[in-house]
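Only one structure is covered here, and it is reproduced in the block below.
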Amino acid sequence: MFATVRSDHPLTARTASPLDLFQAIQDLKRDLNAIILAHYYQEPDIQDIADYIGDSLGLSRQAAQTQADVIVFAGVHFMAETAKILNPEKLVLLPDLNAGCSLADSCPPQAFAAFKAAHPDHLVVSYINCTAEIKALSDIICTSSNAVDIVRQIPLDQPIIFAPDRNLGRYVMAQTGRDLVLWEGSCMVHETFSEKKLVQLQVNHPSAEIIAHPECEGGVLKHARYIGSTTALLKYCLQSDSSQFIVATEPGIIHQMQKQAPHKTFIPAPPLHSCACNECPHMRLNTLEKLYWAMVHRSPEITLAEETRVAALRPIQRMLEMSR
Ligand code: 13P
Ligand code: SF4
C-alpha cells in the first residue's frame with residue numbers, strides 16, 4: 001500500500017534547486033517505499049541520489065532482490081522493463097518513457113523471429129540490451145559482464161545465435177573461440193569512437209591506459225589494455241597502478257571514476273566528429289526533475305503483456321542462475 005504523497009508539494013521543478021530536489025526526492029522515496037536504481041550513464045545528480053548505481057547485471061540483481069514497493073529506474077527502457085519482468089507486482093517508473101536504446105531498436109521482433117526460424121537447431125543467447133519481445137524469443141540472457149562466461153558454459157557442440165550486438169558478439173567469439181551466428185545490431189554510442197583519434201590521443205598521453213566497453217568496434221578494442229562492463233571498467237581503474245585512463249564508453253561513468261579516484265585523470269575517448277555523440281541521447285533524456293515528477297505522479301510506469309513477461313522471465317532467470 002502506498003503512503004499518500006502530498007499533492008501540494010512545495011516544489012516546482014522550474015524553481016527548485018538540485019538541493020531542494022534531492023530533499024524532495026528523499027521524502028518521496030520514504031513515502032512511496034521506493035528504491036532508485038541508476039545506470040552509470042545517467043547525469044551526475046541522478047547518480048548522486050540513487051540507492052544503487054551499477055551495470056546491467058548489478059541492476060538486474062538489485063531489481064530481483066529489492067523489498068521496495070516502487071522501483072524508480074534511472075536508465076533506459078529495456079532496463080526498467082527487465083525490472084518489471086522480475087517484479088510484476090511492483091510499480092516500476094521510468095522518468096522518461098522515451099529513453100530507448102539504439103541497440104534494442106536494431107533488433108525488431110518479427111525480423112528476429114524469422115532469423116531464429118532459419119537456424120532451428122541454435123540456442124539463442126541475447127544481450128540484455130533488447131526488448132521484452134526479443135527476450136521472450138531467447139533461451140538465455142547475458143550482459144557485458146557475463147557474456148563470455150555464459151557462452152563458455154554452453155556445450156561446444158551446441159550452435160548459438162548471439163543477438164543483438166555484433167560487437168559484443170565478436171568479442172565473445174574472440175574470447176571463447178566459439179563460432180557464433182551474429183545478429184547485426186549495434187549501439188550508436190559505442191560505434192561513434194574514432195580509432196584514429198584514439199591513437200592520436202594515446203600519443204599525447206603515453207602513460208594513459210585505454211579501457212573500453214565491449215560494445216565498441218574491434219578497431220577500438222584492439223588498443224584497449226582492459227575491456228569490460230561499466231562496473232568492471234570502474235573496478236579496473238580503482239585497482240590499476242596507472243593514474244591516467246582514456247575511457248572508451250559513455251562518459252557518464254567518469255563521474256563515478258572521478259568520485260572514487262579523485263587523484264586519477266579520466267579522459268573520454270573522442271568521437272569521430274566534433275560532437276557530444278559519445279553521450280547516450282537515450283540515457284540522457286532522464287533528468288533529476290523528471291525523476292522527481294515521476295515519483296510525484298507515479299508515472300510514467302512500465303507495463304507489459306503478461307504472456308510476454310512470463311516468456312521473457314525464463315531466460316533472465318537462467319542468466320541469474322548461470323552467473324552466481
Ligand atoms: P553495462 O553497464 O552492463 O556494461 O552496459 C552498458 C550499456 O550500454 C548499457 O546500455
Ligand atoms: Fe543503448 Fe548504446 Fe545507449 Fe547503452 S549506450 S543505452 S546500448 S544506445
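Each chain of the C-alpha cells is named A, B, ... in the order shown, its residues numbered from 1; ligands are numbered from 1 in display order.
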
What are the nearest atom pairs, with distances in Å to one decimal, for all residues of chain A that come at most 9 Å from ligand 2, using only C-alpha atoms and all ligand atoms, set out by chain and rising residue number as a Markdown table?
| residue | atom | partner | partner_atom_place_in_ligand_line | distance |
| --- | --- | --- | --- | --- |
| A:Tyr41 | CA | ligand 2 | 5 (S) | 7.6 |
| A:Gly75 | CA | ligand 2 | 6 (S) | 7.7 |
| A:Val76 | CA | ligand 2 | 6 (S) | 5.9 |
| A:His77 | CA | ligand 2 | 6 (S) | 8.5 |
| A:Phe78 | CA | ligand 2 | 6 (S) | 8.4 |
| A:Met79 | CA | ligand 2 | 6 (S) | 8.8 |
| A:Ala99 | CA | ligand 2 | 6 (S) | 8.2 |
| A:Gly100 | CA | ligand 2 | 6 (S) | 6.8 |
| A:Cys101 | CA | ligand 2 | 1 (Fe) | 3.7 |
| A:Ser102 | CA | ligand 2 | 8 (S) | 4.4 |
| A:Leu103 | CA | ligand 2 | 1 (Fe) | 5.1 |
| A:Ala104 | CA | ligand 2 | 1 (Fe) | 6.7 |
| A:Asp105 | CA | ligand 2 | 1 (Fe) | 8.6 |
| A:Asn129 | CA | ligand 2 | 7 (S) | 6.2 |
| A:Cys130 | CA | ligand 2 | 1 (Fe) | 8.8 |
| A:Asp165 | CA | ligand 2 | 7 (S) | 8.6 |
| A:Ser186 | CA | ligand 2 | 7 (S) | 7.6 |
| A:Cys187 | CA | ligand 2 | 2 (Fe) | 4.2 |
| A:Met188 | CA | ligand 2 | 8 (S) | 5.6 |
| A:Val189 | CA | ligand 2 | 2 (Fe) | 5.1 |
| A:His190 | CA | ligand 2 | 2 (Fe) | 6.3 |
| A:Glu191 | CA | ligand 2 | 2 (Fe) | 8.7 |
| A:Glu215 | CA | ligand 2 | 7 (S) | 7.5 |
| A:Thr249 | CA | ligand 2 | 5 (S) | 7.8 |
| A:Glu250 | CA | ligand 2 | 5 (S) | 6.2 |
| A:Asn278 | CA | ligand 2 | 5 (S) | 8.3 |
| A:Glu279 | CA | ligand 2 | 5 (S) | 7.6 |
| A:Cys280 | CA | ligand 2 | 3 (Fe) | 4.5 |
| A:Pro281 | CA | ligand 2 | 3 (Fe) | 6.8 |
| A:His282 | CA | ligand 2 | 3 (Fe) | 5.7 |
| A:Met283 | CA | ligand 2 | 3 (Fe) | 5.9 |
| A:Arg284 | CA | ligand 2 | 3 (Fe) | 8.8 |

Keeping N, CA, C and O atoms for every residue in the selection just given, could you write it to a file as a compact mmCIF listing (two decimals), in the first residue's frame?
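Written output follows (result-v2.txt):
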# COMPACT_ATOMS: atom_id res chain seq x y z
N TYR A 41 25.46 5.70 -16.81
CA TYR A 41 25.38 6.69 -17.89
C TYR A 41 24.39 7.81 -17.57
O TYR A 41 24.13 8.65 -18.42
N GLY A 75 17.45 4.80 -16.04
CA GLY A 75 18.22 4.10 -17.06
C GLY A 75 17.40 4.16 -18.32
O GLY A 75 16.61 5.08 -18.51
N VAL A 76 17.54 3.16 -19.18
CA VAL A 76 16.73 3.15 -20.41
C VAL A 76 15.63 2.09 -20.32
O VAL A 76 15.59 1.28 -19.39
N HIS A 77 14.77 2.10 -21.34
CA HIS A 77 13.53 1.32 -21.27
C HIS A 77 13.78 -0.17 -21.01
O HIS A 77 13.12 -0.77 -20.17
N PHE A 78 14.76 -0.77 -21.75
CA PHE A 78 14.92 -2.22 -21.59
C PHE A 78 15.35 -2.58 -20.17
O PHE A 78 15.06 -3.69 -19.70
N MET A 79 16.04 -1.67 -19.50
CA MET A 79 16.49 -1.93 -18.13
C MET A 79 15.29 -1.90 -17.17
O MET A 79 15.14 -2.79 -16.32
N ALA A 99 13.11 7.11 -23.20
CA ALA A 99 14.52 6.72 -23.05
C ALA A 99 14.68 5.29 -23.57
O ALA A 99 14.58 4.31 -22.84
N GLY A 100 14.91 5.18 -24.87
CA GLY A 100 15.03 3.87 -25.52
C GLY A 100 16.48 3.45 -25.65
O GLY A 100 17.33 3.81 -24.82
N CYS A 101 16.79 2.71 -26.70
CA CYS A 101 18.17 2.22 -26.90
C CYS A 101 18.32 1.86 -28.37
O CYS A 101 17.53 1.07 -28.90
N SER A 102 19.33 2.43 -29.01
CA SER A 102 19.51 2.18 -30.45
C SER A 102 19.82 0.71 -30.71
O SER A 102 19.45 0.15 -31.74
N LEU A 103 20.49 0.08 -29.75
CA LEU A 103 20.84 -1.34 -29.90
C LEU A 103 19.58 -2.21 -29.83
O LEU A 103 19.37 -3.09 -30.68
N ALA A 104 18.74 -1.93 -28.85
CA ALA A 104 17.47 -2.67 -28.75
C ALA A 104 16.63 -2.44 -30.01
O ALA A 104 16.03 -3.37 -30.55
N ASP A 105 16.63 -1.19 -30.51
CA ASP A 105 15.85 -0.88 -31.72
C ASP A 105 16.39 -1.59 -32.96
O ASP A 105 15.67 -1.75 -33.94
N ASN A 129 20.42 -5.85 -23.61
CA ASN A 129 20.01 -4.63 -24.33
C ASN A 129 19.09 -4.99 -25.49
O ASN A 129 19.45 -4.86 -26.67
N CYS A 130 17.92 -5.48 -25.16
CA CYS A 130 16.92 -5.84 -26.19
C CYS A 130 15.54 -5.74 -25.55
O CYS A 130 15.41 -5.67 -24.33
N ASP A 165 23.91 -7.48 -30.33
CA ASP A 165 25.11 -6.65 -30.57
C ASP A 165 26.23 -7.41 -31.25
O ASP A 165 26.87 -8.27 -30.64
N SER A 186 23.91 -2.92 -33.38
CA SER A 186 25.00 -2.21 -32.71
C SER A 186 24.45 -1.01 -31.95
O SER A 186 23.30 -0.60 -32.13
N CYS A 187 25.33 -0.46 -31.11
CA CYS A 187 24.98 0.71 -30.31
C CYS A 187 25.54 1.96 -30.98
O CYS A 187 26.73 2.03 -31.27
N MET A 188 24.69 2.95 -31.20
CA MET A 188 25.11 4.18 -31.88
C MET A 188 26.19 4.93 -31.11
O MET A 188 27.01 5.63 -31.69
N VAL A 189 26.21 4.77 -29.79
CA VAL A 189 27.18 5.50 -28.96
C VAL A 189 28.55 4.83 -29.06
O VAL A 189 29.57 5.48 -29.33
N HIS A 190 28.58 3.52 -28.90
CA HIS A 190 29.87 2.82 -28.87
C HIS A 190 30.49 2.68 -30.25
O HIS A 190 31.69 2.40 -30.37
N GLU A 191 29.68 2.89 -31.30
CA GLU A 191 30.25 2.84 -32.65
C GLU A 191 30.76 4.21 -33.09
O GLU A 191 31.29 4.35 -34.19
N GLU A 215 31.03 -3.17 -26.31
CA GLU A 215 30.13 -2.73 -27.38
C GLU A 215 30.88 -1.91 -28.44
O GLU A 215 30.32 -1.59 -29.50
N THR A 249 33.83 4.49 -23.44
CA THR A 249 32.42 4.13 -23.25
C THR A 249 31.70 5.45 -22.98
O THR A 249 32.31 6.53 -23.03
N GLU A 250 30.40 5.38 -22.71
CA GLU A 250 29.65 6.60 -22.47
C GLU A 250 30.29 7.34 -21.28
O GLU A 250 30.57 6.72 -20.23
N ASN A 278 29.26 10.81 -28.08
CA ASN A 278 29.62 9.70 -27.20
C ASN A 278 28.72 9.70 -25.96
O ASN A 278 28.82 8.81 -25.13
N GLU A 279 27.85 10.72 -25.83
CA GLU A 279 26.85 10.69 -24.75
C GLU A 279 25.60 10.00 -25.28
O GLU A 279 25.14 10.32 -26.38
N CYS A 280 25.06 9.07 -24.51
CA CYS A 280 23.88 8.34 -24.99
C CYS A 280 22.66 9.26 -24.95
O CYS A 280 22.23 9.66 -23.86
N PRO A 281 22.08 9.59 -26.11
CA PRO A 281 20.95 10.52 -26.12
C PRO A 281 19.72 9.94 -25.42
O PRO A 281 18.84 10.69 -24.99
N HIS A 282 19.68 8.61 -25.33
CA HIS A 282 18.53 7.97 -24.68
C HIS A 282 18.67 8.06 -23.16
O HIS A 282 17.75 8.49 -22.46
N MET A 283 19.82 7.66 -22.67
CA MET A 283 20.08 7.72 -21.23
C MET A 283 19.91 9.14 -20.70
O MET A 283 19.39 9.37 -19.61
N ARG A 284 20.37 10.10 -21.52
CA ARG A 284 20.40 11.49 -21.05
C ARG A 284 19.02 12.17 -21.11
O ARG A 284 18.89 13.33 -20.74

Neighbouring residues of Met319 (chain A) were defined as those with any atom within 9 Å, considering only C-alpha atoms; residues of the same chain fewer than 2 positions away were excluded. Please report them as an MDAnalysis selection string.
chainID A and resid 140:143 146 150 314:317 321:324

Would you save the residues of that selection, restricted to N, CA, C and O atoms, as a PDB file, in the first residue's frame?
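What landed in selection_19.pdb:
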ATOM      1  N   ILE A 140      18.718 -17.739 -23.268  1.00  0.00           N
ATOM      2  CA  ILE A 140      19.494 -17.209 -22.138  1.00  0.00           C
ATOM      3  C   ILE A 140      19.791 -15.738 -22.413  1.00  0.00           C
ATOM      4  O   ILE A 140      20.155 -15.374 -23.543  1.00  0.00           O
ATOM      5  N   ILE A 141      19.663 -14.917 -21.388  1.00  0.00           N
ATOM      6  CA  ILE A 141      20.066 -13.504 -21.491  1.00  0.00           C
ATOM      7  C   ILE A 141      21.483 -13.392 -20.915  1.00  0.00           C
ATOM      8  O   ILE A 141      21.878 -14.169 -20.035  1.00  0.00           O
ATOM      9  N   CYS A 142      22.234 -12.433 -21.427  1.00  0.00           N
ATOM     10  CA  CYS A 142      23.547 -12.150 -20.844  1.00  0.00           C
ATOM     11  C   CYS A 142      23.739 -10.650 -20.785  1.00  0.00           C
ATOM     12  O   CYS A 142      22.963  -9.901 -21.375  1.00  0.00           O
ATOM     13  N   THR A 143      24.744 -10.224 -20.068  1.00  0.00           N
ATOM     14  CA  THR A 143      25.127  -8.809 -20.061  1.00  0.00           C
ATOM     15  C   THR A 143      26.591  -8.747 -20.485  1.00  0.00           C
ATOM     16  O   THR A 143      27.238  -9.786 -20.681  1.00  0.00           O
ATOM     17  N   ASN A 146      28.865 -10.842 -18.132  1.00  0.00           N
ATOM     18  CA  ASN A 146      28.851 -12.305 -18.017  1.00  0.00           C
ATOM     19  C   ASN A 146      28.737 -13.041 -19.364  1.00  0.00           C
ATOM     20  O   ASN A 146      28.653 -14.273 -19.388  1.00  0.00           O
ATOM     21  N   ILE A 150      28.958 -17.042 -19.771  1.00  0.00           N
ATOM     22  CA  ILE A 150      27.732 -17.792 -20.103  1.00  0.00           C
ATOM     23  C   ILE A 150      27.950 -18.637 -21.353  1.00  0.00           C
ATOM     24  O   ILE A 150      27.610 -19.830 -21.383  1.00  0.00           O
ATOM     25  N   ARG A 314      11.941 -16.263 -18.141  1.00  0.00           N
ATOM     26  CA  ARG A 314      12.686 -17.534 -18.122  1.00  0.00           C
ATOM     27  C   ARG A 314      14.170 -17.347 -18.497  1.00  0.00           C
ATOM     28  O   ARG A 314      15.060 -17.754 -17.733  1.00  0.00           O
ATOM     29  N   PRO A 315      14.485 -16.701 -19.640  1.00  0.00           N
ATOM     30  CA  PRO A 315      15.910 -16.538 -19.973  1.00  0.00           C
ATOM     31  C   PRO A 315      16.662 -15.588 -19.040  1.00  0.00           C
ATOM     32  O   PRO A 315      17.878 -15.718 -18.882  1.00  0.00           O
ATOM     33  N   ILE A 316      15.935 -14.669 -18.401  1.00  0.00           N
ATOM     34  CA  ILE A 316      16.609 -13.781 -17.424  1.00  0.00           C
ATOM     35  C   ILE A 316      16.967 -14.602 -16.177  1.00  0.00           C
ATOM     36  O   ILE A 316      18.072 -14.498 -15.631  1.00  0.00           O
ATOM     37  N   GLN A 317      16.023 -15.434 -15.752  1.00  0.00           N
ATOM     38  CA  GLN A 317      16.302 -16.273 -14.571  1.00  0.00           C
ATOM     39  C   GLN A 317      17.466 -17.220 -14.851  1.00  0.00           C
ATOM     40  O   GLN A 317      18.307 -17.471 -13.992  1.00  0.00           O
ATOM     41  N   GLU A 321      20.874 -17.505 -12.704  1.00  0.00           N
ATOM     42  CA  GLU A 321      21.362 -18.791 -12.168  1.00  0.00           C
ATOM     43  C   GLU A 321      22.787 -19.095 -12.666  1.00  0.00           C
ATOM     44  O   GLU A 321      23.610 -19.625 -11.935  1.00  0.00           O
ATOM     45  N   MET A 322      23.047 -18.760 -13.922  1.00  0.00           N
ATOM     46  CA  MET A 322      24.349 -19.103 -14.520  1.00  0.00           C
ATOM     47  C   MET A 322      25.448 -18.124 -14.134  1.00  0.00           C
ATOM     48  O   MET A 322      26.614 -18.352 -14.454  1.00  0.00           O
ATOM     49  N   SER A 323      25.095 -17.018 -13.491  1.00  0.00           N
ATOM     50  CA  SER A 323      26.146 -16.047 -13.160  1.00  0.00           C
ATOM     51  C   SER A 323      26.216 -15.769 -11.670  1.00  0.00           C
ATOM     52  O   SER A 323      26.497 -14.668 -11.248  1.00  0.00           O
ATOM     53  N   ARG A 324      25.985 -16.793 -10.870  1.00  0.00           N
ATOM     54  CA  ARG A 324      26.079 -16.636  -9.401  1.00  0.00           C
ATOM     55  C   ARG A 324      27.516 -16.528  -8.987  1.00  0.00           C
ATOM     56  O   ARG A 324      28.389 -17.059  -9.629  1.00  0.00           O
TER      57      ARG A 324
END

Pick from A:Ala174, A:Ala232, A:Ala24, A:Leu272, whichever lies nearest to ligand 1 using only C-alpha atoms and all ligand atoms
A:Ala232

For Phe22 (chain A), which of A:Leu288, A:Ala63, A:Leu320, A:Ile227 is the closest residue, counting only C-alpha atoms?
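Between A:Leu288, A:Ala63, A:Leu320, A:Ile227, the residue approaching Phe22 (chain A) most closely is A:Leu288.
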
Find the distance between CA of Ile46 (chain A) and CA of Ile25 (chain A) and write it in Å to one decimal.
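Here the two named atoms are 10.5 Å from each other.
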
DSSP-assigned alpha helix (DSSP H) members of region 14-193 of chain A, reported as a PyMOL selection string
chain A and resi 18-32+44-49+56-65+77-86+102-105+109-117+132-136+147-152+166-176

Counting only C-alpha atoms, figure out which residue out of A:Lys84, A:Arg152, A:Lys235, A:Arg298 gets nearest to Val125 (chain A).
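Smallest separation from Val125 (chain A) among the options: A:Arg152.
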
Distance in Å - CA of Ala261 (chain A) versus CA of Asp55 (chain A)
18.4 Å

List every residue of region 92-302 of chain A that DSSP, applied to the backbone, labels as strand (DSSP E or B), and write the result as JSON, numbers by chain.
{"A": [92, 93, 123, 124, 125, 126, 127, 140, 141, 142, 160, 161, 162, 163, 165, 181, 182, 185, 193, 209, 210, 211, 212, 226, 227, 244, 245, 246, 247, 248, 265, 266, 267, 268, 271, 301]}
